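*Asks:* Structure: start.tsv, TSV, C-alpha atoms.
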```
chain	number	residue	atom	x	y	z
A	14	MET	CA	9.91	9.79	22.15
A	15	SER	CA	10.91	11.61	25.32
A	16	SER	CA	10.62	9.75	28.60
A	17	ALA	CA	10.98	10.40	32.27
A	18	ALA	CA	14.37	10.02	33.93
A	19	GLY	CA	15.06	6.45	34.97
A	20	SER	CA	12.67	4.91	32.44
A	21	LEU	CA	14.52	5.00	29.14
A	22	SER	CA	13.96	1.62	27.50
A	23	GLU	CA	16.42	-0.04	25.15
A	24	PRO	CA	14.42	0.85	22.00
A	25	GLN	CA	14.19	4.48	23.15
A	26	VAL	CA	17.94	4.65	23.78
A	27	LEU	CA	18.58	3.16	20.37
A	28	ALA	CA	16.23	5.55	18.58
A	29	HIS	CA	17.85	8.62	20.15
A	30	THR	CA	21.30	7.23	19.33
A	31	LYS	CA	20.38	6.62	15.70
A	32	ARG	CA	19.10	10.18	15.36
A	33	ARG	CA	22.42	11.51	16.72
A	34	LEU	CA	24.82	9.30	14.77
A	35	PHE	CA	22.78	8.84	11.58
A	36	PRO	CA	20.68	12.00	11.15
A	37	THR	CA	18.23	12.13	8.27
A	38	GLU	CA	18.60	15.88	7.94
A	39	GLY	CA	21.21	17.13	5.51
A	40	GLY	CA	21.16	14.03	3.31
A	41	ALA	CA	24.51	12.65	4.43
A	42	GLU	CA	26.28	10.90	1.59
A	43	ARG	CA	27.82	7.44	1.92
A	44	SER	CA	25.56	6.62	4.84
A	45	TYR	CA	23.29	3.66	5.55
A	46	VAL	CA	22.12	2.09	8.79
A	47	VAL	CA	19.81	-0.73	9.94
A	48	ALA	CA	18.41	-1.69	13.32
A	49	ASP	CA	18.15	-5.31	14.38
A	50	THR	CA	14.91	-7.11	13.55
A	51	GLN	CA	14.08	-7.62	17.24
A	52	PHE	CA	13.06	-3.96	17.28
A	53	SER	CA	10.68	-4.34	14.34
A	54	GLN	CA	8.22	-6.33	16.43
A	55	ASP	CA	5.31	-5.03	18.52
A	56	GLU	CA	7.25	-5.98	21.67
A	57	TRP	CA	11.01	-6.08	22.14
A	58	LEU	CA	10.55	-8.25	25.23
A	59	PRO	CA	7.34	-9.95	26.44
A	60	GLY	CA	5.14	-7.28	27.92
A	61	ARG	CA	7.40	-4.46	26.73
A	62	PRO	CA	5.79	-2.82	23.68
A	63	ILE	CA	7.66	-0.66	21.18
A	64	GLU	CA	5.98	2.61	20.31
A	65	PRO	CA	5.17	2.95	16.58
A	66	ALA	CA	7.05	6.27	16.45
A	67	ILE	CA	10.18	4.54	17.73
A	68	ARG	CA	9.83	1.73	15.19
A	69	ASP	CA	9.51	4.32	12.44
A	70	ARG	CA	12.68	6.03	13.68
A	71	LEU	CA	14.62	2.75	13.75
A	72	ALA	CA	13.55	1.39	10.33
A	73	PRO	CA	14.86	-0.17	8.13
A	74	PHE	CA	15.48	-3.45	9.91
A	75	ASN	CA	17.82	-6.33	9.20
A	76	HIS	CA	19.57	-9.06	11.21
A	77	VAL	CA	23.24	-8.42	10.48
A	78	ARG	CA	25.97	-10.55	11.99
A	79	ILE	CA	29.06	-8.51	12.92
A	80	GLY	CA	31.76	-10.14	15.00
A	81	GLY	CA	30.25	-12.84	17.17
A	82	GLY	CA	26.70	-11.51	17.26
A	83	TYR	CA	24.06	-9.11	15.99
A	84	PRO	CA	24.45	-5.43	16.92
A	85	ASP	CA	21.36	-3.46	17.86
A	86	LEU	CA	22.33	-0.86	15.26
A	87	VAL	CA	24.93	-1.17	12.50
A	88	GLY	CA	25.71	1.25	9.73
A	89	VAL	CA	28.24	3.08	7.60
A	90	ARG	CA	28.91	6.82	7.91
A	91	ASP	CA	31.65	9.42	8.31
A	92	LEU	CA	31.11	10.50	11.94
A	93	GLU	CA	31.85	13.93	13.39
A	94	SER	CA	35.17	14.47	15.16
A	95	ASP	CA	33.54	14.63	18.61
A	96	LEU	CA	32.46	11.00	18.22
A	97	LEU	CA	35.80	9.50	17.21
A	98	ALA	CA	39.37	9.78	18.48
A	99	VAL	CA	40.57	9.24	14.88
A	100	GLU	CA	38.30	10.52	12.13
A	101	ARG	CA	39.35	8.40	9.16
A	102	LEU	CA	41.02	5.12	8.30
A	103	GLY	CA	41.52	5.01	4.54
A	104	GLU	CA	39.03	6.36	2.04
A	105	GLU	CA	35.91	4.46	3.06
A	106	PRO	CA	33.61	5.63	5.87
A	107	PRO	CA	33.80	3.40	8.95
A	108	LEU	CA	31.48	0.52	9.75
A	109	ILE	CA	29.89	1.35	13.11
A	110	ALA	CA	28.24	-1.08	15.54
A	111	ILE	CA	26.13	0.02	18.52
A	112	GLU	CA	24.85	-1.98	21.48
A	113	ALA	CA	22.04	-0.27	23.38
A	114	LYS	CA	21.01	-0.88	26.97
A	115	GLY	CA	18.02	0.57	28.76
A	116	TYR	CA	16.28	0.24	32.10
A	117	ALA	CA	14.87	-3.21	32.84
A	118	SER	CA	13.83	-4.97	36.03
A	119	GLY	CA	17.46	-5.53	36.96
A	120	GLY	CA	18.64	-2.02	36.12
A	121	VAL	CA	20.89	-1.24	33.14
A	122	ASP	CA	23.41	-3.92	32.19
A	123	THR	CA	26.07	-1.51	30.94
A	124	GLN	CA	29.05	-3.84	31.39
A	125	ARG	CA	27.44	-6.52	29.24
A	126	GLY	CA	26.81	-3.91	26.57
A	127	ILE	CA	30.46	-2.85	26.60
A	128	VAL	CA	31.64	-6.44	26.24
A	129	GLN	CA	29.15	-7.03	23.40
A	130	ALA	CA	30.35	-3.87	21.64
A	131	TYR	CA	33.96	-5.01	22.04
A	132	ASP	CA	33.10	-8.30	20.34
A	133	ARG	CA	31.82	-6.36	17.30
A	134	LEU	CA	35.31	-4.90	16.81
A	135	HIS	CA	36.32	-8.17	15.17
A	136	GLU	CA	34.64	-6.74	12.04
A	137	ALA	CA	33.44	-3.20	12.80
A	138	ASN	CA	35.73	-0.17	12.61
A	139	ALA	CA	34.16	1.46	15.68
A	140	ALA	CA	31.81	0.17	18.38
A	141	TYR	CA	29.75	1.91	21.05
A	142	LEU	CA	27.65	1.25	24.11
A	143	ALA	CA	24.60	3.54	24.24
A	144	ALA	CA	22.80	3.73	27.59
A	145	PRO	CA	20.97	6.15	29.89
A	146	ALA	CA	23.57	8.67	31.03
A	147	ALA	CA	22.63	8.33	34.69
A	148	ALA	CA	23.35	4.61	34.60
A	149	ILE	CA	26.90	4.90	33.27
A	150	SER	CA	29.55	4.68	36.01
A	151	GLU	CA	33.23	5.60	36.09
A	152	THR	CA	33.96	1.88	36.19
A	153	ASP	CA	32.03	1.48	32.93
A	154	ARG	CA	34.00	4.27	31.32
A	155	THR	CA	37.31	2.80	32.45
A	156	LEU	CA	36.41	-0.63	31.05
A	157	ALA	CA	35.28	0.94	27.77
A	158	ARG	CA	38.55	2.89	27.42
A	159	GLU	CA	40.57	-0.28	28.00
A	160	LEU	CA	38.58	-2.11	25.31
A	161	ASN	CA	38.44	0.80	22.82
A	162	VAL	CA	34.66	0.98	23.01
A	163	GLY	CA	32.85	4.30	22.76
A	164	VAL	CA	30.26	5.26	25.36
A	165	LEU	CA	27.20	7.34	24.51
A	166	GLY	CA	25.11	8.74	27.34
A	167	VAL	CA	21.44	9.41	26.55
A	168	ASP	CA	19.43	11.73	28.80
A	169	ALA	CA	15.69	11.87	29.41
A	170	ALA	CA	15.23	14.55	26.73
A	171	GLY	CA	16.90	12.34	24.12
A	172	ASP	CA	20.18	14.25	23.92
A	173	VAL	CA	23.22	12.05	23.29
A	174	GLU	CA	26.68	12.86	24.66
A	175	ALA	CA	29.89	11.05	23.77
A	176	LEU	CA	31.39	10.18	27.17
A	177	GLU	CA	34.16	8.02	25.71
A	178	VAL	CA	35.25	8.10	22.08
A	179	PRO	CA	36.84	5.10	20.36
A	180	ARG	CA	39.71	4.89	17.92
A	181	ILE	CA	38.93	3.58	14.46
A	182	VAL	CA	40.45	0.18	13.82
A	183	GLY	CA	41.02	-1.66	10.57
A	184	ASN	CA	39.27	-5.01	10.21
A	185	ARG	CA	38.54	-7.74	7.72
A	186	THR	CA	35.38	-7.22	5.75
A	187	SER	CA	32.66	-9.87	5.95
A	188	SER	CA	29.95	-10.30	3.34
A	189	GLU	CA	27.51	-8.80	5.85
A	190	ALA	CA	29.58	-5.66	6.22
A	191	THR	CA	30.05	-5.51	2.44
A	192	ALA	CA	26.29	-5.47	1.97
A	193	LEU	CA	25.93	-2.40	4.16
A	194	ARG	CA	28.86	-0.67	2.47
A	195	PHE	CA	27.19	-1.37	-0.86
A	196	GLN	CA	23.99	0.32	0.30
A	197	ALA	CA	25.92	3.30	1.65
A	198	GLY	CA	27.89	3.79	-1.56
A	199	ALA	CA	26.98	5.57	-4.77
A	200	GLN	CA	25.73	2.32	-6.29
A	201	GLY	CA	23.46	1.30	-3.43
A	202	ILE	CA	19.76	0.97	-4.17
A	203	ALA	CA	18.37	2.02	-0.80
A	204	ASN	CA	15.60	4.60	-1.28
A	205	LYS	CA	16.63	4.97	-4.92
A	206	SER	CA	15.63	3.57	-8.25
A	207	PHE	CA	17.31	2.91	-11.55
A	208	GLY	CA	14.20	4.51	-13.06
A	209	LEU	CA	14.79	2.97	-16.50
A	210	ASN	CA	15.00	-0.67	-17.43
A	211	HIS	CA	17.03	-0.63	-20.65
A	212	PRO	CA	20.84	-0.48	-20.50
A	213	LYS	CA	21.14	1.57	-23.73
A	214	ASN	CA	19.66	4.54	-21.84
A	215	TYR	CA	22.61	4.48	-19.47
A	216	LEU	CA	25.22	3.89	-22.17
A	217	GLY	CA	23.93	6.96	-23.98
A	218	TYR	CA	24.49	9.30	-21.05
A	219	PRO	CA	28.33	9.30	-21.00
A	220	LEU	CA	28.32	9.65	-24.81
A	221	ALA	CA	26.03	12.68	-24.71
A	222	HIS	CA	28.03	14.13	-21.83
A	223	TYR	CA	31.28	13.75	-23.79
A	224	ALA	CA	29.84	15.14	-27.05
A	225	ASP	CA	29.77	18.86	-27.85
A	226	GLY	CA	26.52	20.38	-26.69
A	227	ASP	CA	24.03	20.18	-23.87
A	228	THR	CA	23.69	16.63	-22.55
A	229	ALA	CA	19.92	16.71	-22.13
A	230	THR	CA	19.40	18.23	-25.57
A	231	LEU	CA	21.55	15.61	-27.26
A	232	LEU	CA	19.79	12.75	-25.47
A	233	SER	CA	16.50	14.12	-26.77
A	234	GLU	CA	17.63	14.96	-30.30
A	235	TYR	CA	19.11	11.50	-30.87
A	236	GLU	CA	16.05	9.86	-29.27
A	237	VAL	CA	18.19	8.09	-26.71
A	238	VAL	CA	15.96	8.82	-23.71
A	239	GLY	CA	13.63	11.55	-22.52
A	240	ALA	CA	14.01	10.91	-18.80
A	241	VAL	CA	17.40	12.61	-18.49
A	242	ASP	CA	17.53	12.66	-14.68
A	243	SER	CA	16.83	8.94	-14.51
A	244	ALA	CA	19.47	8.27	-17.17
A	245	ARG	CA	22.01	10.26	-15.20
A	246	GLN	CA	21.14	8.51	-11.95
A	247	GLY	CA	21.36	5.09	-13.56
A	248	ALA	CA	24.67	5.93	-15.23
A	249	ALA	CA	26.01	6.83	-11.79
A	250	PHE	CA	24.69	3.60	-10.25
A	251	LEU	CA	26.43	1.62	-12.99
A	252	GLY	CA	29.68	3.46	-12.36
A	253	LEU	CA	29.83	5.29	-15.70
A	254	ILE	CA	29.86	8.79	-14.23
A	255	GLU	CA	30.57	10.44	-10.89
A	256	ASP	CA	30.33	13.85	-9.32
A	257	GLY	CA	33.67	15.64	-9.41
A	258	PRO	CA	34.94	19.12	-8.51
A	259	ARG	CA	33.64	20.47	-11.83
A	260	GLY	CA	30.37	18.58	-11.91
A	261	VAL	CA	29.69	15.32	-13.72
A	262	GLU	CA	32.84	13.46	-14.79
A	263	LEU	CA	33.34	10.20	-16.65
A	264	THR	CA	34.75	7.30	-14.66
A	265	SER	CA	37.30	4.95	-16.23
A	266	LEU	CA	34.39	2.69	-17.18
A	267	GLY	CA	32.54	5.64	-18.73
A	268	GLN	CA	35.67	6.57	-20.67
A	269	GLU	CA	35.84	3.03	-22.00
A	270	VAL	CA	32.27	3.41	-23.32
A	271	VAL	CA	33.41	6.54	-25.18
A	272	ARG	CA	36.45	4.71	-26.56
A	273	PHE	CA	34.26	1.87	-27.80
A	274	ALA	CA	31.85	4.30	-29.45
A	275	THR	CA	34.52	6.34	-31.22
A	276	GLY	CA	36.43	3.24	-32.28
A	277	ARG	CA	33.33	1.63	-33.74
A	278	CYS	CA	31.56	4.67	-35.19
A	279	GLY	CA	34.26	7.33	-35.61
A	280	SER	CA	32.67	9.81	-33.19
A	281	VAL	CA	30.30	9.87	-30.25
A	282	GLU	CA	27.78	11.79	-32.37
A	283	ALA	CA	27.79	9.00	-34.97
A	284	ALA	CA	27.40	6.49	-32.17
A	285	LEU	CA	24.44	8.40	-30.72
A	286	ALA	CA	22.82	8.34	-34.16
A	287	GLU	CA	22.67	4.53	-33.91
A	288	PHE	CA	20.58	4.84	-30.78
A	289	GLU	CA	17.67	6.21	-32.84
A	290	ASP	CA	17.25	2.77	-34.43
A	291	TRP	CA	16.65	1.21	-31.02
A	292	TYR	CA	14.10	3.71	-29.72
A	293	ARG	CA	11.18	1.92	-28.03
A	294	SER	CA	12.36	-1.50	-29.25
A	295	ARG	CA	11.40	-4.37	-26.93
A	296	LYS	CA	13.76	-6.86	-28.55
A	297	ARG	CA	16.53	-8.20	-26.34
A	298	PHE	CA	19.34	-5.64	-26.71
A	299	VAL	CA	22.15	-8.17	-27.09
A	300	ASP	CA	20.26	-9.68	-30.04
A	301	LEU	CA	19.19	-6.33	-31.52
A	302	ALA	CA	22.67	-4.77	-31.42
A	303	PRO	CA	25.18	-7.52	-30.51
A	304	ASP	CA	28.30	-5.34	-30.18
A	305	TRP	CA	26.56	-2.74	-28.05
A	306	GLY	CA	24.82	-5.49	-26.12
A	307	GLN	CA	28.15	-7.05	-25.21
A	308	LEU	CA	29.42	-3.65	-24.08
A	309	ALA	CA	26.31	-3.23	-21.94
A	310	ARG	CA	26.88	-6.72	-20.54
A	311	ARG	CA	30.38	-5.74	-19.41
A	312	VAL	CA	29.04	-2.56	-17.79
A	313	VAL	CA	26.18	-4.34	-16.03
A	314	PHE	CA	28.49	-7.08	-14.80
A	315	GLU	CA	30.70	-4.43	-13.18
A	316	TYR	CA	27.73	-3.49	-10.99
A	317	PRO	CA	28.44	-5.12	-7.58
A	318	ALA	CA	25.07	-6.82	-7.24
A	319	THR	CA	25.31	-8.56	-10.61
A	320	GLU	CA	28.27	-10.79	-9.79
A	321	LEU	CA	26.61	-11.87	-6.55
A	322	LEU	CA	23.33	-12.75	-8.29
A	323	VAL	CA	25.04	-14.63	-11.12
A	324	ALA	CA	27.28	-16.60	-8.75
A	325	GLU	CA	24.37	-17.75	-6.59
A	326	LEU	CA	22.16	-18.59	-9.60
A	327	GLN	CA	25.03	-20.69	-10.94
A	328	ALA	CA	25.27	-22.43	-7.56
A	329	MET	CA	21.54	-23.21	-7.69
A	330	HIS	CA	21.96	-24.54	-11.23
A	331	ASP	CA	24.76	-26.78	-10.03
A	332	ASP	CA	22.42	-28.05	-7.29
A	333	TRP	CA	19.79	-29.04	-9.89
A	334	GLN	CA	17.66	-25.93	-9.48
A	335	PRO	CA	18.12	-24.38	-12.95
A	336	GLU	CA	14.96	-22.23	-13.02
A	337	PRO	CA	14.13	-21.06	-9.49
A	338	SER	CA	11.22	-18.76	-8.84
A	339	LEU	CA	11.86	-15.42	-7.18
A	340	VAL	CA	10.60	-16.89	-3.89
A	341	ASP	CA	12.92	-19.90	-4.17
A	342	PHE	CA	15.87	-17.75	-5.20
A	343	LEU	CA	15.44	-15.25	-2.37
A	344	THR	CA	15.01	-18.08	0.15
A	345	TYR	CA	18.25	-19.67	-1.06
A	346	LEU	CA	20.11	-16.36	-1.23
A	347	HIS	CA	19.07	-15.55	2.33
A	348	GLU	CA	20.69	-18.77	3.52
A	349	VAL	CA	24.08	-17.92	2.04
A	350	GLN	CA	24.08	-14.10	1.89
A	351	PRO	CA	21.37	-12.97	4.35
A	352	THR	CA	22.14	-9.27	4.58
A	353	PHE	CA	22.59	-8.85	0.83
A	354	ALA	CA	19.39	-10.80	0.19
A	355	VAL	CA	17.30	-8.53	2.36
A	356	GLU	CA	18.90	-5.27	1.23
A	357	LEU	CA	18.73	-6.13	-2.49
A	358	PHE	CA	15.23	-7.55	-2.65
A	359	LEU	CA	13.02	-6.33	0.19
A	360	ARG	CA	11.75	-2.77	0.46
A	361	GLY	CA	13.16	-0.95	3.46
A	362	ASP	CA	9.99	0.39	5.04
A	363	ASP	CA	8.86	-0.77	8.46
A	364	ASP	CA	5.74	-2.63	7.29
A	365	VAL	CA	7.54	-4.77	4.70
A	366	ARG	CA	10.46	-5.78	6.91
A	367	ARG	CA	8.09	-6.63	9.79
A	368	ARG	CA	5.94	-8.79	7.50
A	369	ALA	CA	8.85	-10.53	5.79
A	370	LEU	CA	11.32	-11.04	8.68
A	371	THR	CA	10.92	-12.70	12.06
A	372	GLU	CA	12.40	-11.28	15.25
A	373	ASP	CA	15.60	-13.28	14.70
A	374	GLY	CA	15.88	-12.30	11.03
A	375	LYS	CA	14.46	-15.39	9.34
A	376	LEU	CA	12.30	-15.02	6.24
A	377	ARG	CA	8.56	-15.52	6.43
A	378	ARG	CA	8.08	-17.39	3.18
A	379	GLU	CA	4.35	-16.65	2.98
A	380	ALA	CA	5.08	-12.91	2.83
A	381	LEU	CA	7.38	-13.43	-0.17
A	382	ALA	CA	4.40	-14.40	-2.34
A	383	ASP	CA	3.27	-10.76	-2.34
A	384	GLY	CA	4.98	-8.81	-5.13
A	385	THR	CA	4.62	-5.49	-3.34
A	386	VAL	CA	7.23	-6.42	-0.69
A	387	TYR	CA	9.99	-6.37	-3.31
A	388	HIS	CA	12.35	-3.57	-4.21
A	389	ALA	CA	11.58	-2.35	-7.74
A	390	PRO	CA	15.18	-1.47	-8.72
A	391	THR	CA	16.09	-5.13	-8.30
A	392	VAL	CA	13.06	-7.13	-9.47
A	393	PHE	CA	12.14	-4.76	-12.31
A	394	GLN	CA	14.92	-2.49	-13.57
A	395	LEU	CA	18.02	-4.54	-12.73
A	396	LYS	CA	16.44	-7.80	-13.83
A	397	ALA	CA	15.35	-6.21	-17.11
A	398	MET	CA	18.91	-5.06	-17.75
A	399	LEU	CA	20.22	-8.54	-16.97
A	400	TYR	CA	17.74	-9.84	-19.53
A	401	HIS	CA	18.71	-7.32	-22.21
A	402	THR	CA	22.40	-8.08	-21.77
A	403	GLY	CA	21.85	-11.82	-22.18
A	404	ILE	CA	22.50	-12.82	-18.57
A	405	LEU	CA	18.99	-13.88	-17.48
A	406	THR	CA	16.27	-15.69	-19.42
A	407	GLU	CA	13.37	-13.41	-18.45
A	408	ARG	CA	12.87	-9.67	-18.06
A	409	GLY	CA	11.70	-8.00	-14.84
A	410	ALA	CA	8.23	-6.93	-13.71
A	411	GLU	CA	6.96	-4.02	-11.65
A	412	PRO	CA	6.19	-5.09	-8.06
A	413	HIS	CA	2.44	-4.48	-8.35
A	414	ARG	CA	2.37	-6.81	-11.39
A	415	LEU	CA	4.81	-9.33	-10.00
A	416	GLU	CA	3.84	-12.96	-9.31
A	417	PRO	CA	6.84	-14.01	-7.22
A	418	ARG	CA	6.10	-17.75	-7.29
A	419	ASP	CA	6.01	-17.70	-11.12
A	420	ASP	CA	8.77	-15.12	-11.71
A	421	VAL	CA	11.75	-17.13	-12.98
A	422	TRP	CA	15.36	-16.17	-12.20
A	423	ALA	CA	17.56	-18.32	-14.41
A	424	LEU	CA	20.85	-17.91	-16.24
A	425	ARG	CA	20.60	-17.85	-20.01
A	426	GLU	CA	24.06	-19.39	-20.31
A	427	PRO	CA	24.93	-21.43	-17.20
A	428	VAL	CA	28.35	-23.05	-17.11
```
Mind turning this structure into structure tokens?

*Replies:*
Amino acid sequence: MSSAAGSLSEPQVLAHTKRRLFPTEGGAERSYVVADTQFSQDEWLPGRPIEPAIRDRLAPFNHVRIGGGYPDLVGVRDLESDLLAVERLGEEPPLIAIEAKGYASGGVDTQRGIVQAYDRLHEANAAYLAAPAAAISETDRTLARELNVGVLGVDAAGDVEALEVPRIVGNRTSSEATALRFQAGAQGIANKSFGLNHPKNYLGYPLAHYADGDTATLLSEYEVVGAVDSARQGAAFLGLIEDGPRGVELTSLGQEVVRFATGRCGSVEAALAEFEDWYRSRKRFVDLAPDWGQLARRVVFEYPATELLVAELQAMHDDWQPEPSLVDFLTYLHEVQPTFAVELFLRGDDDVRRRALTEDGKLRREALADGTVYHAPTVFQLKAMLYHTGILTERGAEPHRLEPRDDVWALREPV
């Protein structure tokens, strides 16, 4: 992706900037970033192609409104101290917006990029202009300092230097920003999977962890689940456990599961013994074991995506669409919660986002008829759990078996 001096294009500048601010090496926690959908196309401007290697570097793509427009790059991450004048504002990592400018027929429009970045500060915690270093003037730097916009200079070799560093600011959180924070958090589904589609597997993990003995051994002995790693990952996604200074620790929600189990059965071991009766059962969990099913329902409803899905399905029911197909539901959801819709349902790889989204972020409905474009943790595992807990009428399906136009997303008990 290197280029000769004086020829760095906007996509090249953006790709180098993403690599510097959001590196893939080291597996940074609480980090997620998307590039705007204009860079997912074959050309970013007529006659200006985007190299496949650059598209791969910039993926995943989404069209996220922050402030008064759509940043070229927007993400969530704790940045290094050399990139920020103030490292932290509260406990959450900052929401970062980046406007990139590269060489075009009229040069590099750095001042426009600074003003665009400033506009993003209505919702972002930090905003930057990224541009070829040789094109950035002292006047640009002065304007950026006055507006609290960071300036990143990119050289021909792809190295990125922070020429001006911004202060973090506190801002209101839009639903678009919330969607990215969700993906960056411990419960985000980006590049992850619930792995298991029955909520009892996740309820069993905090019980086995709390009981005397090895967690994996207990899960096996009581025939709760054999896929221990998947059970642990899913329990973390559902907010039942978290990594603490001494390893896995129960959250307050996980502790409540233990309290329920001991109150109902006398001990967690006695509670785990009940799990043997449910092994490999396909019956809806809330009907098979009503008390445990209601507990699972509470846990699943605490998952951030669940409330969003239920609220919008209720809205569709109120609008006389009680049994929408997956295609209809995603189309509707994209109208009211576009960033969440894309992040929850569509796989993040370059090919899928290019097929399913236009340059300006609209859905291509014809692409939604292909089950393989969907994110398995949502359409299979999460939907199955919503079925087992009595929230939805139908269970989920694996993407390669999914018929999106026939896959019904409907509330079992609309109000």

*Asks:* Using CA of Gly183 (chain A) and CA of Phe35 (chain A) as the two end points, give the distance in Å to one decimal.

*Replies:* 21.1 Å

*Asks:* Residues of region 40-122 of chain A within 6 Å of region 138-157 of chain A: nearest atom pair and distance (Å, one decimal) for each, counting only C-alpha atoms, sorted by chain and number, as a Markdown table?

*Replies:*
```
| residue | atom | partner | partner_atom | distance |
| --- | --- | --- | --- | --- |
| A:Pro107 | CA | A:Asn138 | CA | 5.5 |
| A:Leu108 | CA | A:Asn138 | CA | 5.2 |
| A:Ile109 | CA | A:Ala139 | CA | 5.0 |
| A:Ala110 | CA | A:Ala140 | CA | 4.7 |
| A:Ile111 | CA | A:Tyr141 | CA | 4.8 |
| A:Glu112 | CA | A:Leu142 | CA | 5.0 |
| A:Ala113 | CA | A:Ala143 | CA | 4.7 |
| A:Lys114 | CA | A:Ala144 | CA | 5.0 |
| A:Gly115 | CA | A:Ala144 | CA | 5.8 |
```

*Asks:* Please work out which residues fall within 10 Å of (7.4, -0.4, 8.9), coordinates as given in the file, with all atoms listed in the file counting, and return them as a tab-separated table (two decimals) with C-alpha atoms, in the coordinates of the input.

*Replies:*
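result.tsv written:
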```
chain	number	residue	atom	x	y	z
A	53	SER	CA	10.68	-4.34	14.34
A	54	GLN	CA	8.22	-6.33	16.43
A	65	PRO	CA	5.17	2.95	16.58
A	68	ARG	CA	9.83	1.73	15.19
A	69	ASP	CA	9.51	4.32	12.44
A	70	ARG	CA	12.68	6.03	13.68
A	71	LEU	CA	14.62	2.75	13.75
A	72	ALA	CA	13.55	1.39	10.33
A	73	PRO	CA	14.86	-0.17	8.13
A	74	PHE	CA	15.48	-3.45	9.91
A	360	ARG	CA	11.75	-2.77	0.46
A	361	GLY	CA	13.16	-0.95	3.46
A	362	ASP	CA	9.99	0.39	5.04
A	363	ASP	CA	8.86	-0.77	8.46
A	364	ASP	CA	5.74	-2.63	7.29
A	365	VAL	CA	7.54	-4.77	4.70
A	366	ARG	CA	10.46	-5.78	6.91
A	367	ARG	CA	8.09	-6.63	9.79
A	368	ARG	CA	5.94	-8.79	7.50
```

*Asks:* Ranking A:Val182, A:Leu308, A:Val238, A:Leu370 by minimum distance to Thr50 (chain A) and counting all atoms listed in the file, which one comes first?

*Replies:*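 Answer, going by the shortest atom-to-atom distance: A:Leu370.
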
*Asks:* Please compute the CA of Asp168 (chain A)-CA of Ala98 (chain A) distance, one decimal, in Å.

*Replies:*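 If I compute the distance from CA of Asp168 (chain A) to CA of Ala98 (chain A), I get 22.5 Å.
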
*Asks:* Taking into account all atoms listed in the file, which residue in the set A:Val340, A:Leu34, A:Ala192, A:Ala48 is nearest to His76 (chain A)?

*Replies:*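 Smallest separation from His76 (chain A) among the options: A:Ala48.
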
*Asks:* CA of Trp333 (chain A) to CA of Thr406 (chain A): how many Å, to one decimal?

*Replies:*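 About the pair CA of Trp333 (chain A) and CA of Thr406 (chain A): they are 16.8 Å apart.
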
*Asks:* Excluding same-chain residues fewer than 6 positions from Val178 (chain A), what lies within 6 Å of it counting only C-alpha atoms, as a list in words?

*Replies:*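 Skipping anything fewer than 6 positions along the chain leaves Leu96, Leu97, Ala98 and Gly163 of chain A.
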
*Asks:* Using only C-alpha atoms, please write the residues we just selected to a file, as a short mmCIF file (atom, residue, chain, number, x, y, z; two decimals), keeping the file's coordinate frame.

*Replies:*
```cif
data_model
loop_
_atom_site.label_atom_id
_atom_site.label_comp_id
_atom_site.auth_asym_id
_atom_site.auth_seq_id
_atom_site.Cartn_x
_atom_site.Cartn_y
_atom_site.Cartn_z
CA LEU A 96 32.46 11.00 18.22
CA LEU A 97 35.80 9.50 17.21
CA ALA A 98 39.37 9.78 18.48
CA GLY A 163 32.85 4.30 22.76
#
```

*Asks:* Around the point (19.8, -20.9, -18.6), in the coordinates given by the file, pick out the residues reaching within 10 Å, counting all atoms listed in the file, and return them as a PyMOL selection string.

*Replies:* chain A and resi 326-327+330+335-336+403-407+422-428

*Asks:* Keeping C-alpha atoms, export the residues of the selection given above as a compact mmCIF listing (two decimals), in the frame of the given file.

*Replies:*
```txt
# COMPACT_ATOMS: atom_id res chain seq x y z
CA LEU A 326 22.16 -18.59 -9.60
CA GLN A 327 25.03 -20.69 -10.94
CA HIS A 330 21.96 -24.54 -11.23
CA PRO A 335 18.12 -24.38 -12.95
CA GLU A 336 14.96 -22.23 -13.02
CA GLY A 403 21.85 -11.82 -22.18
CA ILE A 404 22.50 -12.82 -18.57
CA LEU A 405 18.99 -13.88 -17.48
CA THR A 406 16.27 -15.69 -19.42
CA GLU A 407 13.37 -13.41 -18.45
CA TRP A 422 15.36 -16.17 -12.20
CA ALA A 423 17.56 -18.32 -14.41
CA LEU A 424 20.85 -17.91 -16.24
CA ARG A 425 20.60 -17.85 -20.01
CA GLU A 426 24.06 -19.39 -20.31
CA PRO A 427 24.93 -21.43 -17.20
CA VAL A 428 28.35 -23.05 -17.11
```

*Asks:* Find, counting only C-alpha atoms, the residue in A:Tyr387, A:Phe342, A:Phe195, A:Tyr131 that gets nearest to Ile79 (chain A).

*Replies:*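 With only C-alpha atoms as the atom set, the closest residue is A:Tyr131.
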
*Asks:* Which one of A:Ala197, A:Val167, A:Gly267, A:Lys31 sits closest to His222 (chain A) if you count all atoms listed in the file?

*Replies:*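 Result for the nearest residue to His222 (chain A): A:Gly267.
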
*Asks:* Using all atoms listed in the file, determine which residues lie at most 9 Å from Asp383 (chain A), disregarding the query and same-chain residues fewer than 4 positions distant; provide the list as a list in words.

*Replies:* Glu379, Tyr387, Pro412, His413, Leu415, Glu416 and Pro417 of chain A

*Asks:* Could you check which of A:Val349, A:Glu356, A:Gly247, A:Thr402 is closest to Lys296 (chain A), using only C-alpha atoms?

*Replies:*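 The answer is A:Thr402, which sits nearest to Lys296 (chain A).
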
*Asks:* Could you check the closest approach to Glu56 (chain A) for each of A:Gly276, A:Asp341, A:Glu23, A:Gly82 and tell me which residue wins, using all atoms listed in the file?

*Replies:*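 Ranking A:Gly276, A:Asp341, A:Glu23, A:Gly82 by distance to Glu56 (chain A), first place goes to A:Glu23.
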